[in-house]
Structure formats: structure tokens, C-alpha cells
Amino acid sequence: MSILVIAEHDNSALKAETLKTVAAAQKIGGDITLLVAGFNCQNVVDAAAKVNGVSKVLAADNAAYEHHLAENISLLVTELAADHEHILATALTTGKNFMPRVAALLDVAQISDIIDVESSDTFVRPIYAGNAIATVQSLDAKKVITVRTTGFDAVATDGNAEVVTLDTVTDAGTSSHVNDELTVSARPDLGAASVVISGGRGMQNGDNFKLLDGIADKLGAAIGASRAAVDAGFVPNDMQVGQTGKIVAPDLYIAVGISGAIQHLAGMKDSKVIVAINKDPEAPIFQVADYGIVADLFDALPELESKL
Amino acid sequence: MKVLVPIKRVIDYNVKVRVMPDHSNVDLANTKMAINPFCEIAVEEAVRLKEAGTATEIIAISIGNKSCQEQLRTALALGADRAIQIETDESLDALNIAKLLQKVVEEEQPQLVILGKQSIDSDNNQTGQMLAALTGLPQGTFASEVKVEGDKVNVTREVDGGLQTVALSLPAIVTTDLRLNEPRYASLPNIMKAKRKPLAVRPAADFGIDLTPRTKLLKVTPPAQREAGVVVETIDELVEKLKNEAKVIS
């Protein structure tokens, strides 16, 4: 069997989530090809060649792929899919955007957000915001799959794959990129951080999120937020952890002033250790927390920072 | 400009789902159902486009058995002009839903199709993108802002790193994210008026599409439960446990 994995990257660095998607491909079993589609993305191609378990890297370096426009990438992937039985992408916003297009162009169903592989055609995925777990069999000859990375451990990066440069350019010409407003941060990516500290409505305003900074600095943590905090305008949407935001599974997750709505739990309950700081002892977050402390966060946070 | 808004009937988002004891599926018997929240945002966006004079007609469409007429009436009460129910008793894969919608897009020739980015039951996040691929149209998924300007639409999208704006040539497909708008409530007079708005019922079989399932649901189980841990009294105790018991900090 032959598996095509589409690399997740920003043209300068290969995202760590790709290593987990490759792990899912290894669990399916077969010869793994990694596609890097982007523009001026040689660094990514170099990194991709080192991913363990990958036998070949396909490099499509062209302006048409710079912003990962779904219309263009999906045409390229559909063309390459002819040689592969499985096509995998990471279930982040880029993969979620172009993969269903690939599936439709190939006339096959897509299996979204898999968290486990049972066999080459049977996969496990959460439904109803993670309140139920479905085991689904694909009846199509080709399987188009997006991978929720919290279900898989990253592969190592000491491999040495062959790199093949692609000359074909697929430009649908129906969409163009206008601009990005990306958040610049010195902190690790939410999806890749081993420690995440998140604030909720209990933070009261955006300014108070600064209370999390010192702790995040000491722990090398990424900072997240609940949907309530994002909807209230405290912090931008890209910080949202939850079913419709980022799904994270760090070694340590600290929930501060977060009540623990189902929607939020769906995004973090696979974390190895969960700490909850909340002044309401009845808050549902305590039902999933390994360590809870019933306290006013405005007292607890400065003390925690000083004692780390 | 004509706007098509496909909507889905799903379990009400406030209701906790139960898995059936035989693990064949979730149990939806006697469960409160509602319009999928992302679809409601799609209807609202279409209504705002009409109020701004950009859209001239809004067509709501749903695929399912007779009960989905309830959600189509909701869309009509919110401001859609007419509705189409594609009737089927089967639960269809997103691909087959997209194929049915493709036929309606060919018939109705809308300039804009606005859908929810995903339904809160199957959580697939596929239909809009698949419809875009089948119709060959550009897509603006996970939209937090939609601006129609001449023969283009600018869509600001919620992406992992923040926001991305793309320009799409019309006709185009847009899928909604949470922060695109806050849907209104239907007023009583509008709910009454909605009862008289046209709702066409068309059997799925009439569209001449092979609707054979592409996936098979083998089982549905409850998620693994996390055990509640311990409540600590002091920050010192917390730090001590994280260091020596959980060993997640040093």
C-alpha cells in the first residue's frame, strides 16, 4: 500500500503536527510519501526529508501554493492521489480546508479527525463534540483522511528520504490571497506545547491574561483560552481551546477561571495532567482535573508564579 | 443576488447525547432537536446581506425526512424567502449531501451559498468544501467576515495562526465560523408569516444520483471517562504534587 501525507507548514518551518500525522500513516502501514506544497519552502522540504518513516518527499514549490489556497492545493493532491490508496492530512485549519475538496474530486468519502487506526479501512473518530466515539469503515477504494494529532505520538526526525521536485503547477485561478493577520508570539504553538495554561471567563478582562505570562514563561507554556473568554473579546480567536478551536493534549494543562463546558473539555481532556484553578468548587472542570484548587485566581496566580 | 443556505436538523446543543446500550449509535429518541448552530449563523448572514440590499432572495434547503421541515420553517421565520426539502429517510454521507446540493446549485444558480462549517452531530466539516469542489467554485471556509464587492467576495477566515482574508470570484461557497454574527431570534409575527412561505418537497430519488453509502458505522461507544483527581488546599501542595507525583514540572 502507498500513503500520501500532506505536510503542514508555514513555508519556513515544518509543523510538529505533521510528525503525528506520519505516525498515523505508519499505523495504517505502507510506503509513505510526504508532499510539501508551498512557496520558497526549501527549509520545510529539508525538514520533511528527515522525518522517520517517510521514503519520498515531493516538493511543489510555486507561488500558486504560497497561501495554501484550497482551490489550488486540492487540484495538486487529487492529481498525486492516483498513485496512493490513502491520502492523509493534519486536521488543522489548512487540512480541513482543502481535504474535503480532494475527497469530492476523487468521488470518495472523507473520514475526518481520526484519533486511532483499527485497520487500513477502519478508523476511530470523535462525534458529538467528543461525547461519543465512532468506529467507521470506509467502503471506498481510496481513503481520504484527516488526522487529529492528539491521538498519535510524533515520529522521530533522523531519517533521510529522497526528494523529488514536482514541476506541475495547478492554479484554479478562482481565488486569491488578500492578507493575513497572524498573531506573533515568542511562545510555543498551542498545538505543539508540552505545557498549556488557559484562562476563561473568570479572568474578567484581557488585561488580566498578563497574570498568566509569568507562569507561562517559567514553564515554557503556550497560553490558551476558553470560548467564553474569546467571545467576550478578552483575547483573539486563535487562542481558543475547544471543540471548535484548537484540540490540545499537552503533558500539563492548567485551566484558570474556566468552568469546564463540554465544548472546552472536548479540546483538552486528553491532556496527561490537568490542573484546575477555580473559585467555584462545583465547577465541572474539577471532574476532569487531576489536581484542583478552589481559590480566587487573583491570589493563586501570583503565588503559583512565585513558587515555580 | 440569490443566496442558497443549506441547513441541518441536529440534536439541540444543550442536550447531552447518550450512547445506545448496544453501541449501535447515539440515542436520539425523544431528544430535543434544533437547527445546527453554524447553520443558524449562515441563515443570519444571508438575512443581513438581504437587509443590506446585496441579496435579493434567500432559499433555505435541508435534506432529511419530514421533521426537517421544522428547521426550514425556522429559517423562513428568520428571513429566508422560500424553502426546499429534499426528502430522504436515509442518513447520507457528506459527499452524497454535497452531490444533491450541487444539483440544486445548478438549477437555482445562486451567487453565494452559505453553509455552517460543520454540524455538531457528525462533526465532519466537509459539506461546504465538497460542494465547492463539485461545482468548481472557490470557497471561503470558517468565515468571520463576509464582504461582497462587485463580482467578488472577500472572506476573512479563522485559521490556526489568526485570521486570513481571501478574495473569491462569485459565485462562491462560504462556510461560517462562530464569530461571523450573532443570530437573531424569530419574532412571533415572522413565525406566523413563515407558515405561509413556499416550501417545496422533492424526493431525493428524483435527482438521479447514486446515494449508496460510502462509509459504514461499525459502533459508537461512550468516551473514556477521566477520573476526578484530588483537591489540594494550597499552592505549595499543588507545586509539590506536580513535581513529585505527576512529575510534569521540575
# chains A, B, ... in the order shown; residues from 1 in each chain; ligands from 1
$ interface_residues --of "chain B" --to "chain A" --cutoff "6 Å" --atoms "only C-alpha atoms" --output "NGL selection string"
:B and (95 or 120-124 or 126 or 129-130 or 133 or 138 or 159-169 or 214-223 or 226 or 228-232)
$ select_by_dssp --residues "region 49-297 of chain A" --states "alpha helix (DSSP H)" --output "ChimeraX atom specification"
/A:49,70-80,93-106,210-219,227-231,262-268,297
$ select_by_dssp --residues "region 69-241 of chain B" --states "strand (DSSP E or B)" --output "PyMOL selection string"
chain B and resi 82-87+112-116+139-149+152-159+162-169+172-176+199-203+215-221+230-232
$ residues_around --residues "Ala60 (chain B)" --least-positions-apart "3" --cutoff "6 Å" --atoms "only C-alpha atoms" --output "ChimeraX atom specification"
/B:5-6,83
$ atom_distance --atom1 "CA of Tyr253 (chain A)" --atom2 "CA of Gln118 (chain B)"
26.7 Å
$ residues_around --residues "Asn11 (chain A)" --least-positions-apart "4" --cutoff "12 Å" --atoms "only C-alpha atoms" --output "short mmCIF file (atom, residue, chain, number, x, y, z; two decimals) with N, CA, C and O atoms, in the first residue's frame"
data_model
loop_
_atom_site.label_atom_id
_atom_site.label_comp_id
_atom_site.auth_asym_id
_atom_site.auth_seq_id
_atom_site.Cartn_x
_atom_site.Cartn_y
_atom_site.Cartn_z
N ALA A 7 2.19 17.64 4.14
CA ALA A 7 2.88 18.31 5.24
C ALA A 7 2.18 19.62 5.61
O ALA A 7 1.72 20.37 4.74
N LYS A 15 5.50 22.00 10.58
CA LYS A 15 4.82 21.97 11.88
C LYS A 15 4.94 20.60 12.51
O LYS A 15 4.85 19.57 11.85
N VAL A 36 5.25 18.37 0.23
CA VAL A 36 5.40 19.74 0.71
C VAL A 36 4.97 20.67 -0.42
O VAL A 36 5.66 20.78 -1.43
N ALA A 37 3.81 21.29 -0.28
CA ALA A 37 3.35 22.25 -1.28
C ALA A 37 3.39 23.63 -0.65
O ALA A 37 2.74 23.86 0.37
N GLY A 38 4.17 24.52 -1.23
CA GLY A 38 4.30 25.86 -0.68
C GLY A 38 5.11 26.73 -1.64
O GLY A 38 5.23 26.40 -2.82
N PHE A 39 5.65 27.81 -1.09
CA PHE A 39 6.44 28.72 -1.93
C PHE A 39 7.67 29.16 -1.14
O PHE A 39 7.54 29.55 0.03
N ASN A 40 8.83 29.09 -1.77
CA ASN A 40 10.10 29.37 -1.08
C ASN A 40 10.18 28.57 0.22
O ASN A 40 10.44 29.11 1.28
N CYS A 41 9.94 27.29 0.08
CA CYS A 41 9.78 26.44 1.26
C CYS A 41 10.87 25.37 1.35
O CYS A 41 10.63 24.27 1.84
N GLN A 42 12.08 25.70 0.90
CA GLN A 42 13.16 24.72 0.90
C GLN A 42 13.47 24.21 2.31
O GLN A 42 13.76 23.02 2.50
N ASN A 43 13.39 25.10 3.31
CA ASN A 43 13.64 24.67 4.70
C ASN A 43 12.68 23.57 5.11
O ASN A 43 13.06 22.63 5.82
N VAL A 44 11.44 23.71 4.67
CA VAL A 44 10.42 22.72 5.01
C VAL A 44 10.74 21.40 4.31
O VAL A 44 10.64 20.32 4.90
N VAL A 45 11.15 21.50 3.06
CA VAL A 45 11.50 20.29 2.30
C VAL A 45 12.66 19.57 2.98
O VAL A 45 12.63 18.34 3.15
N ASP A 46 13.66 20.33 3.42
CA ASP A 46 14.81 19.73 4.11
C ASP A 46 14.36 19.02 5.39
O ASP A 46 14.80 17.91 5.69
N ALA A 47 13.48 19.69 6.14
CA ALA A 47 12.98 19.09 7.38
C ALA A 47 12.15 17.85 7.09
O ALA A 47 12.22 16.85 7.80
N ALA A 48 11.37 17.93 6.02
CA ALA A 48 10.49 16.80 5.66
C ALA A 48 11.30 15.56 5.32
O ALA A 48 10.91 14.43 5.62
N ALA A 59 8.31 17.80 -3.54
CA ALA A 59 8.40 19.23 -3.29
C ALA A 59 7.71 19.99 -4.42
O ALA A 59 8.13 19.92 -5.58
N ALA A 60 6.61 20.69 -4.10
CA ALA A 60 5.91 21.53 -5.08
C ALA A 60 6.08 22.97 -4.61
O ALA A 60 5.35 23.44 -3.75
N ASP A 61 7.09 23.63 -5.13
CA ASP A 61 7.45 24.97 -4.69
C ASP A 61 7.03 25.97 -5.76
O ASP A 61 7.67 26.09 -6.79
N ASN A 62 5.89 26.62 -5.52
CA ASN A 62 5.38 27.54 -6.53
C ASN A 62 4.49 28.59 -5.87
O ASN A 62 3.82 28.29 -4.88
N ALA A 63 4.46 29.79 -6.44
CA ALA A 63 3.65 30.87 -5.88
C ALA A 63 2.18 30.48 -5.72
O ALA A 63 1.49 30.98 -4.84
N TYR A 65 1.00 27.98 -4.49
CA TYR A 65 0.75 27.25 -3.23
C TYR A 65 1.16 28.06 -1.99
O TYR A 65 1.10 27.55 -0.88
N GLU A 66 1.59 29.29 -2.19
CA GLU A 66 2.14 30.07 -1.07
C GLU A 66 1.19 30.14 0.12
O GLU A 66 1.61 29.97 1.26
N HIS A 67 -0.08 30.43 -0.15
CA HIS A 67 -1.03 30.62 0.95
C HIS A 67 -1.94 29.42 1.15
O HIS A 67 -2.97 29.51 1.79
N HIS A 68 -1.54 28.29 0.56
CA HIS A 68 -2.28 27.04 0.72
C HIS A 68 -3.75 27.20 0.35
O HIS A 68 -4.63 26.67 1.02
#
$ closest_residue --among "B:Glu227, B:Glu240, B:Glu145, B:Asp81" --to "Val47 (chain B)" --atoms "only C-alpha atoms"
B:Asp81
$ closest_residue --among "A:Ile28, A:Leu34, A:Leu212, A:Val147" --to "Gly95 (chain A)" --atoms "only C-alpha atoms"
A:Val147
$ atom_distance --atom1 "CA of Ala261 (chain A)" --atom2 "CA of Asp12 (chain B)"
15.2 Å
$ closest_residue --among "A:Ser226, A:Ser271, A:Asn52, A:Thr18" --to "Gly202 (chain A)" --atoms "only C-alpha atoms"
A:Ser226
$ residues_around --residues "Glu162 (chain A)" --least-positions-apart "6" --cutoff "8 Å" --atoms "only C-alpha atoms" --output "compact mmCIF listing (two decimals) with all heavy atoms, in the first residue's frame"
# COMPACT_ATOMS: atom_id res chain seq x y z
N ALA A 49 12.47 15.77 4.70
CA ALA A 49 13.31 14.64 4.29
C ALA A 49 13.86 13.89 5.50
O ALA A 49 14.30 12.75 5.39
CB ALA A 49 14.45 15.14 3.41
N SER A 55 9.56 7.64 2.88
CA SER A 55 10.53 7.16 1.90
C SER A 55 10.79 8.18 0.81
O SER A 55 11.84 8.20 0.19
CB SER A 55 10.06 5.83 1.31
OG SER A 55 8.82 6.00 0.69
N LYS A 56 9.81 9.06 0.56
CA LYS A 56 9.99 10.03 -0.51
C LYS A 56 9.31 11.34 -0.14
O LYS A 56 8.21 11.34 0.40
CB LYS A 56 9.39 9.48 -1.81
CG LYS A 56 9.69 10.33 -3.04
CD LYS A 56 9.52 9.56 -4.34
CE LYS A 56 8.09 9.12 -4.60
NZ LYS A 56 7.90 8.51 -5.92
N VAL A 57 9.98 12.47 -0.46
CA VAL A 57 9.37 13.79 -0.26
C VAL A 57 9.11 14.39 -1.64
O VAL A 57 10.01 14.43 -2.48
CB VAL A 57 10.29 14.72 0.56
CG1 VAL A 57 9.72 16.14 0.60
CG2 VAL A 57 10.47 14.18 1.97
$ residues_around --residues "Glu45 (chain B)" --least-positions-apart "5" --cutoff "12 Å" --atoms "only C-alpha atoms" --output "ChimeraX atom specification"
/B:3-5,38-40,50-52,54-55,58,75,78-80,112-116,143-148,174-184
$ residues_around --residues "Gly233 (chain A)" --least-positions-apart "5" --cutoff "10 Å" --atoms "only C-alpha atoms" --output "list of chain:residue names"
A:Asn205, A:Gly206, A:Arg227, A:Ala228
$ write_last_selection --atoms "N, CA and C atoms" --output "compact mmCIF listing (two decimals), in the first residue's frame"
# COMPACT_ATOMS: atom_id res chain seq x y z
N ASN A 205 -11.09 40.16 32.21
CA ASN A 205 -10.79 41.01 31.05
C ASN A 205 -9.48 40.58 30.40
N GLY A 206 -9.18 41.18 29.27
CA GLY A 206 -7.99 40.79 28.51
C GLY A 206 -6.70 41.14 29.24
N ARG A 227 -13.73 29.35 25.06
CA ARG A 227 -14.56 30.07 24.09
C ARG A 227 -15.23 31.27 24.75
N ALA A 228 -15.61 31.12 26.03
CA ALA A 228 -16.26 32.23 26.73
C ALA A 228 -15.34 33.45 26.76
